[in-house]
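Working notes, structure below.
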Amino acid sequence: MKLFHRTIRDLHQMLRDREISSVELTQSVLDQIQAVGDRTKAYLLVTKELALRQAHAADERLRSKRDVRPLTGIPIALKDVLCVKEVASTAGSKILKGFTPPYSATVVERLEAEGAVFLGKTNCDEFAMGSSNENSGYWPVHNPWGLDRVPGGSSGGSAAAVASGEAIAALGSDTGGSIRQPAALTGIVGLKPTYGRVSRYGLIAFASSLDQIGPMTRDVVDSALLLQAIAGHDPRDSTSSPKPVPDYLATLGDGVKGMRLGVPKEYFVAGMEPAVEQSIRDAIRLLEQQGASIEEVSLPHSDVALPAYYIIAPAEASSNLARYDGVRYGYQAEGARNLIEEYMLTRQQGFGAEVKRRIMLGTYALSSGYYDAYYLQAQKVRTLIIDDFKRAFTKVDALLGATSPTVAFPLGAKTQDPVAMYLNDIITIPANLGNVCAISVPCGLADGLPVGLQVIAPGFREDLALRIAFAFEAATEFHKAQSPLMGAAA
Ligand code: GLN
């Protein structure tokens, strides 16, 4: 086994025992990036010098045994929507080409304080809009389980990096499924925390009432460790919650005995692949064998979550993306004869097709005369979805379902049909609209491709989601399956 195969927890022990150094570990991951990076295309930028500098500093800290934290010396990848001071950050968009933020995101600062090592910026769909990483303004990412397949999106680069050994763990962002769906499609663990649990200061905004940052890891323990490091109130993000952060590791092993777990009947959507459905049903049975009681529940407004999301998210995006005008950040079109032309040319050339589609949809939905019919209506639907979850959580402790109705699909399969692409997120979007938290954990392979089980818990009950996911993981071997790209180097 090579160092890059291991989990944060194992590596932490080895670093602490001085069995390995962070420089050695970081070099092992950088070598893997060198070996397979051309095939996955997971990174937009590898910050090798920064990584080695941080690794040296971590080794100092480990040597002096001063303030050694669970992430000290651990190489981590960051989705390109996260600002890192003086490191190019583009959100996967050409319009931010050449932009280097003057400050770091709060999550980045927190990881720095832990002594983590930054490997670089991972590829993603432009401004996190997409489900396959094919909307990246630079290049698509390839799934380490099958290079002709998508890794999911929008955090496809982070997912592929973790699944190929090009990072030990990564951060992603999830507005409608962008952590969980790529985690499912690449056989890793992805957690979308509750809105407000993790600060978004320094996250390049897509849809501000939905965006959350969260961990993408090899297993549930690592997910808990990474969440522990980034969660908590931040005075610089007014939407971050002052609620205290529990000790996620403390309750991880408490099991599911006596728990009531609900299976929303609406989550077995039309078009779900039979092999995916089979894996999910098997996973549910396994949790029942672990002592949970399983009952069917109904979230009656699930079918309108997707349409509501595709009003609300584009509406917020159209407002957030107004700031990219060629003056303040990144790319500036050449040859404009006046200011208006400069705005127009910059946006025409800088944004990709999907981003333009969303800006148009969103601007339309917010325009006078249509606001009531679309935006306001969608907000009302959102309230119904929040109520669906509240009602379900009076009967059950948490909910179970698939993360994605399909396994990773071939590159190009859905690029001509935006609606088919949007349908990928049909079972991840309700959790974003409903202000709850959710985790995807590997639960099998269908035709050699990973399937993810989604566990949804009430708002600020990440402890519960992690505990259920861990009970499942501890009873199975699915999370140990390695992608061919990672396994090849073993
Ligand atoms: N695929 C969804 C979209 O395109 C979700 C994206 C996300 O969570 N960032 O909007």
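Residue numbering restarts at 1 in every chain; chains get A, B, ... in the order shown in the structure tokens, and ligands count up from 1 in that same order.
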
Subject >> Shell around stretch 299-304 of chain A at 8 Å using only C-alpha atoms, local window under 4 positions removed, as a ChimeraX atom specification >> reply: /A:264-267,308,381,384-385,388-389,392,430

What would the file look like if the residues just selected were written as a PDB file, in the first residue's frame with C-alpha atoms?
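And here's out-v2.pdb as it stands now:
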ATOM      1  CA  PRO A 264     -39.313   8.237   1.236  1.00  0.00           C
ATOM      2  CA  LYS A 265     -41.312   6.432  -1.388  1.00  0.00           C
ATOM      3  CA  GLU A 266     -40.926   9.380  -3.771  1.00  0.00           C
ATOM      4  CA  TYR A 267     -37.153   8.849  -3.857  1.00  0.00           C
ATOM      5  CA  ALA A 308     -38.433  25.118  -7.833  1.00  0.00           C
ATOM      6  CA  VAL A 381     -42.809  25.475  -2.964  1.00  0.00           C
ATOM      7  CA  LEU A 384     -43.688  23.115   1.384  1.00  0.00           C
ATOM      8  CA  ILE A 385     -40.496  21.103   0.999  1.00  0.00           C
ATOM      9  CA  ASP A 388     -42.301  17.873   4.251  1.00  0.00           C
ATOM     10  CA  PHE A 389     -38.996  17.261   6.016  1.00  0.00           C
ATOM     11  CA  ALA A 392     -41.142  13.310   8.301  1.00  0.00           C
ATOM     12  CA  PRO A 430     -34.659  18.534  -1.770  1.00  0.00           C
TER      13      PRO A 430
END

**OP:** Find the spatial neighbours of A:Val189, counting only C-alpha atoms, within a cut-off of 9 Å - ignore same-chain residues fewer than 4 positions away - and output them as a PyMOL selection string.
**Re:** chain A and resi 179-180+183-184+215-220+222-223+439-442+452+479

Original post:
Residues within 9 Å of ligand 1 (only C-alpha atoms and all ligand atoms), as a count of residues only?
Top reply: 39

**OP:** Please provide the set of residues having any atom within 8 Å of A:Arg9, restricted to only C-alpha atoms, with same-chain residues fewer than 3 positions apart removed, written as a ChimeraX atom specification.
**Re:** /A:12-13,70,221-222

Original post:
Skipping near chain neighbours, those fewer than 6 positions away, what residues fall within 9 Å of A:Pro405 using only C-alpha atoms, listed as number ranges by chain?
Top reply: A: 267-273, 276-277, 423-427

For N, CA, C and O atoms, I'd like the residues from the last selection saved as a PDB file, in the first residue's frame.
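As written to disk, again17.pdb reads:
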ATOM      1  N   TYR A 267     -38.559   8.829  -3.445  1.00  0.00           N
ATOM      2  CA  TYR A 267     -37.153   8.849  -3.857  1.00  0.00           C
ATOM      3  C   TYR A 267     -36.789   7.709  -4.807  1.00  0.00           C
ATOM      4  O   TYR A 267     -35.698   7.688  -5.359  1.00  0.00           O
ATOM      5  N   PHE A 268     -37.705   6.757  -4.961  1.00  0.00           N
ATOM      6  CA  PHE A 268     -37.457   5.734  -5.983  1.00  0.00           C
ATOM      7  C   PHE A 268     -38.080   6.229  -7.281  1.00  0.00           C
ATOM      8  O   PHE A 268     -39.163   5.844  -7.672  1.00  0.00           O
ATOM      9  N   VAL A 269     -37.369   7.151  -7.897  1.00  0.00           N
ATOM     10  CA  VAL A 269     -37.920   7.899  -9.025  1.00  0.00           C
ATOM     11  C   VAL A 269     -37.964   7.049 -10.290  1.00  0.00           C
ATOM     12  O   VAL A 269     -37.215   6.068 -10.432  1.00  0.00           O
ATOM     13  N   ALA A 270     -38.831   7.470 -11.209  1.00  0.00           N
ATOM     14  CA  ALA A 270     -38.864   6.819 -12.518  1.00  0.00           C
ATOM     15  C   ALA A 270     -37.512   7.032 -13.187  1.00  0.00           C
ATOM     16  O   ALA A 270     -36.908   8.099 -13.066  1.00  0.00           O
ATOM     17  N   GLY A 271     -37.022   6.025 -13.831  1.00  0.00           N
ATOM     18  CA  GLY A 271     -35.738   6.178 -14.515  1.00  0.00           C
ATOM     19  C   GLY A 271     -34.557   5.749 -13.654  1.00  0.00           C
ATOM     20  O   GLY A 271     -33.414   5.791 -14.097  1.00  0.00           O
ATOM     21  N   MET A 272     -34.838   5.351 -12.408  1.00  0.00           N
ATOM     22  CA  MET A 272     -33.746   4.866 -11.568  1.00  0.00           C
ATOM     23  C   MET A 272     -33.255   3.528 -12.130  1.00  0.00           C
ATOM     24  O   MET A 272     -34.063   2.660 -12.481  1.00  0.00           O
ATOM     25  N   GLU A 273     -31.964   3.387 -12.219  1.00  0.00           N
ATOM     26  CA  GLU A 273     -31.434   2.140 -12.774  1.00  0.00           C
ATOM     27  C   GLU A 273     -31.710   0.987 -11.807  1.00  0.00           C
ATOM     28  O   GLU A 273     -31.488   1.125 -10.594  1.00  0.00           O
ATOM     29  N   VAL A 276     -29.011   0.157  -9.356  1.00  0.00           N
ATOM     30  CA  VAL A 276     -28.873   1.164  -8.298  1.00  0.00           C
ATOM     31  C   VAL A 276     -29.945   0.898  -7.241  1.00  0.00           C
ATOM     32  O   VAL A 276     -29.651   0.827  -6.040  1.00  0.00           O
ATOM     33  N   GLU A 277     -31.175   0.708  -7.700  1.00  0.00           N
ATOM     34  CA  GLU A 277     -32.274   0.447  -6.759  1.00  0.00           C
ATOM     35  C   GLU A 277     -31.965  -0.789  -5.895  1.00  0.00           C
ATOM     36  O   GLU A 277     -32.167  -0.784  -4.681  1.00  0.00           O
ATOM     37  N   LEU A 423     -31.971  16.377 -14.330  1.00  0.00           N
ATOM     38  CA  LEU A 423     -32.644  15.277 -13.638  1.00  0.00           C
ATOM     39  C   LEU A 423     -31.705  14.441 -12.757  1.00  0.00           C
ATOM     40  O   LEU A 423     -32.159  13.706 -11.879  1.00  0.00           O
ATOM     41  N   ASN A 424     -30.401  14.571 -12.983  1.00  0.00           N
ATOM     42  CA  ASN A 424     -29.442  13.876 -12.122  1.00  0.00           C
ATOM     43  C   ASN A 424     -29.629  14.206 -10.653  1.00  0.00           C
ATOM     44  O   ASN A 424     -29.277  13.423  -9.784  1.00  0.00           O
ATOM     45  N   ASP A 425     -30.105  15.425 -10.407  1.00  0.00           N
ATOM     46  CA  ASP A 425     -30.103  15.936  -9.030  1.00  0.00           C
ATOM     47  C   ASP A 425     -31.444  15.806  -8.356  1.00  0.00           C
ATOM     48  O   ASP A 425     -31.691  16.410  -7.320  1.00  0.00           O
ATOM     49  N   ILE A 426     -32.289  14.991  -8.945  1.00  0.00           N
ATOM     50  CA  ILE A 426     -33.673  14.939  -8.471  1.00  0.00           C
ATOM     51  C   ILE A 426     -33.781  14.487  -7.005  1.00  0.00           C
ATOM     52  O   ILE A 426     -34.679  14.909  -6.293  1.00  0.00           O
ATOM     53  N   ILE A 427     -32.840  13.666  -6.534  1.00  0.00           N
ATOM     54  CA  ILE A 427     -32.927  13.246  -5.123  1.00  0.00           C
ATOM     55  C   ILE A 427     -31.891  13.905  -4.225  1.00  0.00           C
ATOM     56  O   ILE A 427     -31.818  13.617  -3.037  1.00  0.00           O
TER      57      ILE A 427
END

Original post:
From the set A:Ile213, A:Leu306, A:Leu433, A:Val29, which residue has the shortest atom-to-atom contact distance to A:Leu78, counting only C-alpha atoms?
Top reply: A:Ile213

**OP:** Tell me, in Å to one decimal, how far atom CA of A:Gly156 is from atom CA of A:Gly115.
**Re:**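 Atom-to-atom, atom CA of A:Gly156 and atom CA of A:Gly115 are spaced 25.2 Å apart.
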
**OP:** Return the single residue from A:His56, A:Lys94, A:Arg328, A:Arg281 that is closest to A:Leu453, with distances computed using only C-alpha atoms.
**Re:**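 Smallest separation from A:Leu453 among the options: A:Arg281.
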
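The spacing separating atom CA of A:Gln27 from atom CA of A:Ser483 amounts to 20.6 Å.
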
**OP:** Point out the residue among A:Leu203, A:Ala275, A:Thr403, A:Val263 with the least atom-to-atom distance to A:Glu288, counting only C-alpha atoms.
**Re:** A:Val263

Subject >> Distance query stretch 368-376 of chain A at most 8 Å, only C-alpha atoms, self and fewer than 2 positions along chain excluded, as a PyMOL selection string >> reply: chain A and resi 311-312+315+364-366+378-380

For the selection you just gave me, I'd like the residues written to a file as a PDB file, in the first residue's frame, keeping all heavy atoms.
ATOM      1  N   ILE A 311     -35.710  27.559 -10.629  1.00  0.00           N
ATOM      2  CA  ILE A 311     -36.082  28.977 -10.599  1.00  0.00           C
ATOM      3  C   ILE A 311     -35.180  29.694  -9.586  1.00  0.00           C
ATOM      4  O   ILE A 311     -34.544  30.696  -9.883  1.00  0.00           O
ATOM      5  CB  ILE A 311     -37.568  29.172 -10.198  1.00  0.00           C
ATOM      6  CG1 ILE A 311     -38.496  28.515 -11.212  1.00  0.00           C
ATOM      7  CG2 ILE A 311     -37.873  30.653 -10.016  1.00  0.00           C
ATOM      8  CD1 ILE A 311     -38.532  29.149 -12.578  1.00  0.00           C
ATOM      9  N   ILE A 312     -35.122  29.135  -8.365  1.00  0.00           N
ATOM     10  CA  ILE A 312     -34.430  29.830  -7.267  1.00  0.00           C
ATOM     11  C   ILE A 312     -32.922  29.942  -7.536  1.00  0.00           C
ATOM     12  O   ILE A 312     -32.349  31.027  -7.415  1.00  0.00           O
ATOM     13  CB  ILE A 312     -34.686  29.103  -5.923  1.00  0.00           C
ATOM     14  CG1 ILE A 312     -36.173  29.205  -5.555  1.00  0.00           C
ATOM     15  CG2 ILE A 312     -33.812  29.675  -4.810  1.00  0.00           C
ATOM     16  CD1 ILE A 312     -36.604  28.319  -4.390  1.00  0.00           C
ATOM     17  N   ALA A 315     -32.117  32.336 -10.354  1.00  0.00           N
ATOM     18  CA  ALA A 315     -32.443  33.712  -9.949  1.00  0.00           C
ATOM     19  C   ALA A 315     -31.298  34.285  -9.102  1.00  0.00           C
ATOM     20  O   ALA A 315     -30.812  35.394  -9.351  1.00  0.00           O
ATOM     21  CB  ALA A 315     -33.754  33.739  -9.167  1.00  0.00           C
ATOM     22  N   TYR A 364     -35.097  36.391 -16.077  1.00  0.00           N
ATOM     23  CA  TYR A 364     -36.508  36.313 -16.479  1.00  0.00           C
ATOM     24  C   TYR A 364     -37.401  36.069 -15.253  1.00  0.00           C
ATOM     25  O   TYR A 364     -38.404  36.758 -15.058  1.00  0.00           O
ATOM     26  CB  TYR A 364     -36.661  35.179 -17.495  1.00  0.00           C
ATOM     27  CG  TYR A 364     -38.061  34.997 -18.017  1.00  0.00           C
ATOM     28  CD1 TYR A 364     -38.568  35.834 -19.016  1.00  0.00           C
ATOM     29  CD2 TYR A 364     -38.874  33.994 -17.518  1.00  0.00           C
ATOM     30  CE1 TYR A 364     -39.850  35.665 -19.495  1.00  0.00           C
ATOM     31  CE2 TYR A 364     -40.171  33.817 -17.988  1.00  0.00           C
ATOM     32  CZ  TYR A 364     -40.654  34.653 -18.975  1.00  0.00           C
ATOM     33  OH  TYR A 364     -41.918  34.489 -19.441  1.00  0.00           O
ATOM     34  N   ALA A 365     -36.988  35.105 -14.427  1.00  0.00           N
ATOM     35  CA  ALA A 365     -37.814  34.746 -13.268  1.00  0.00           C
ATOM     36  C   ALA A 365     -37.949  35.890 -12.273  1.00  0.00           C
ATOM     37  O   ALA A 365     -38.907  35.944 -11.507  1.00  0.00           O
ATOM     38  CB  ALA A 365     -37.245  33.512 -12.572  1.00  0.00           C
ATOM     39  N   LEU A 366     -36.990  36.798 -12.279  1.00  0.00           N
ATOM     40  CA  LEU A 366     -37.029  37.913 -11.325  1.00  0.00           C
ATOM     41  C   LEU A 366     -37.619  39.178 -11.939  1.00  0.00           C
ATOM     42  O   LEU A 366     -37.833  40.167 -11.241  1.00  0.00           O
ATOM     43  CB  LEU A 366     -35.612  38.236 -10.836  1.00  0.00           C
ATOM     44  CG  LEU A 366     -34.943  37.210  -9.918  1.00  0.00           C
ATOM     45  CD1 LEU A 366     -33.499  37.636  -9.623  1.00  0.00           C
ATOM     46  CD2 LEU A 366     -35.714  37.062  -8.608  1.00  0.00           C
ATOM     47  N   ALA A 378     -41.939  29.701  -6.522  1.00  0.00           N
ATOM     48  CA  ALA A 378     -40.876  28.745  -6.176  1.00  0.00           C
ATOM     49  C   ALA A 378     -40.531  28.839  -4.691  1.00  0.00           C
ATOM     50  O   ALA A 378     -40.261  27.827  -4.032  1.00  0.00           O
ATOM     51  CB  ALA A 378     -39.642  29.000  -7.034  1.00  0.00           C
ATOM     52  N   GLN A 379     -40.556  30.050  -4.157  1.00  0.00           N
ATOM     53  CA  GLN A 379     -40.282  30.207  -2.715  1.00  0.00           C
ATOM     54  C   GLN A 379     -41.357  29.521  -1.880  1.00  0.00           C
ATOM     55  O   GLN A 379     -41.087  28.941  -0.832  1.00  0.00           O
ATOM     56  CB  GLN A 379     -40.207  31.692  -2.325  1.00  0.00           C
ATOM     57  CG  GLN A 379     -39.002  32.419  -2.895  1.00  0.00           C
ATOM     58  CD  GLN A 379     -37.672  31.952  -2.321  1.00  0.00           C
ATOM     59  OE1 GLN A 379     -37.599  30.981  -1.573  1.00  0.00           O
ATOM     60  NE2 GLN A 379     -36.602  32.623  -2.686  1.00  0.00           N
ATOM     61  N   LYS A 380     -42.590  29.577  -2.367  1.00  0.00           N
ATOM     62  CA  LYS A 380     -43.688  28.909  -1.641  1.00  0.00           C
ATOM     63  C   LYS A 380     -43.496  27.393  -1.693  1.00  0.00           C
ATOM     64  O   LYS A 380     -43.729  26.696  -0.703  1.00  0.00           O
ATOM     65  CB  LYS A 380     -45.033  29.292  -2.256  1.00  0.00           C
ATOM     66  CG  LYS A 380     -45.435  30.724  -1.950  1.00  0.00           C
ATOM     67  CD  LYS A 380     -46.793  31.046  -2.563  1.00  0.00           C
ATOM     68  CE  LYS A 380     -47.136  32.506  -2.348  1.00  0.00           C
ATOM     69  NZ  LYS A 380     -48.221  32.948  -3.243  1.00  0.00           N
TER      70      LYS A 380
END

Original post:
If you count only C-alpha atoms, which residues fall within 10 Å of stretch 251-258 of chain A, apart from same-chain ones fewer than 6 positions away, as a list of chain:residue names?
Top reply: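 Listing them by chain and then by number gives A:Val220, A:Val221, A:Ala224, A:Leu287, A:Glu288, A:Gln289, A:Gln290, A:Gly291, A:Ala292, A:Ser293, A:Asp463, A:Leu464, A:Ala465, A:Leu466, A:Arg467, A:Ile468, A:Ala469, A:Phe470, A:Ala471, A:Phe472, A:Ala474.
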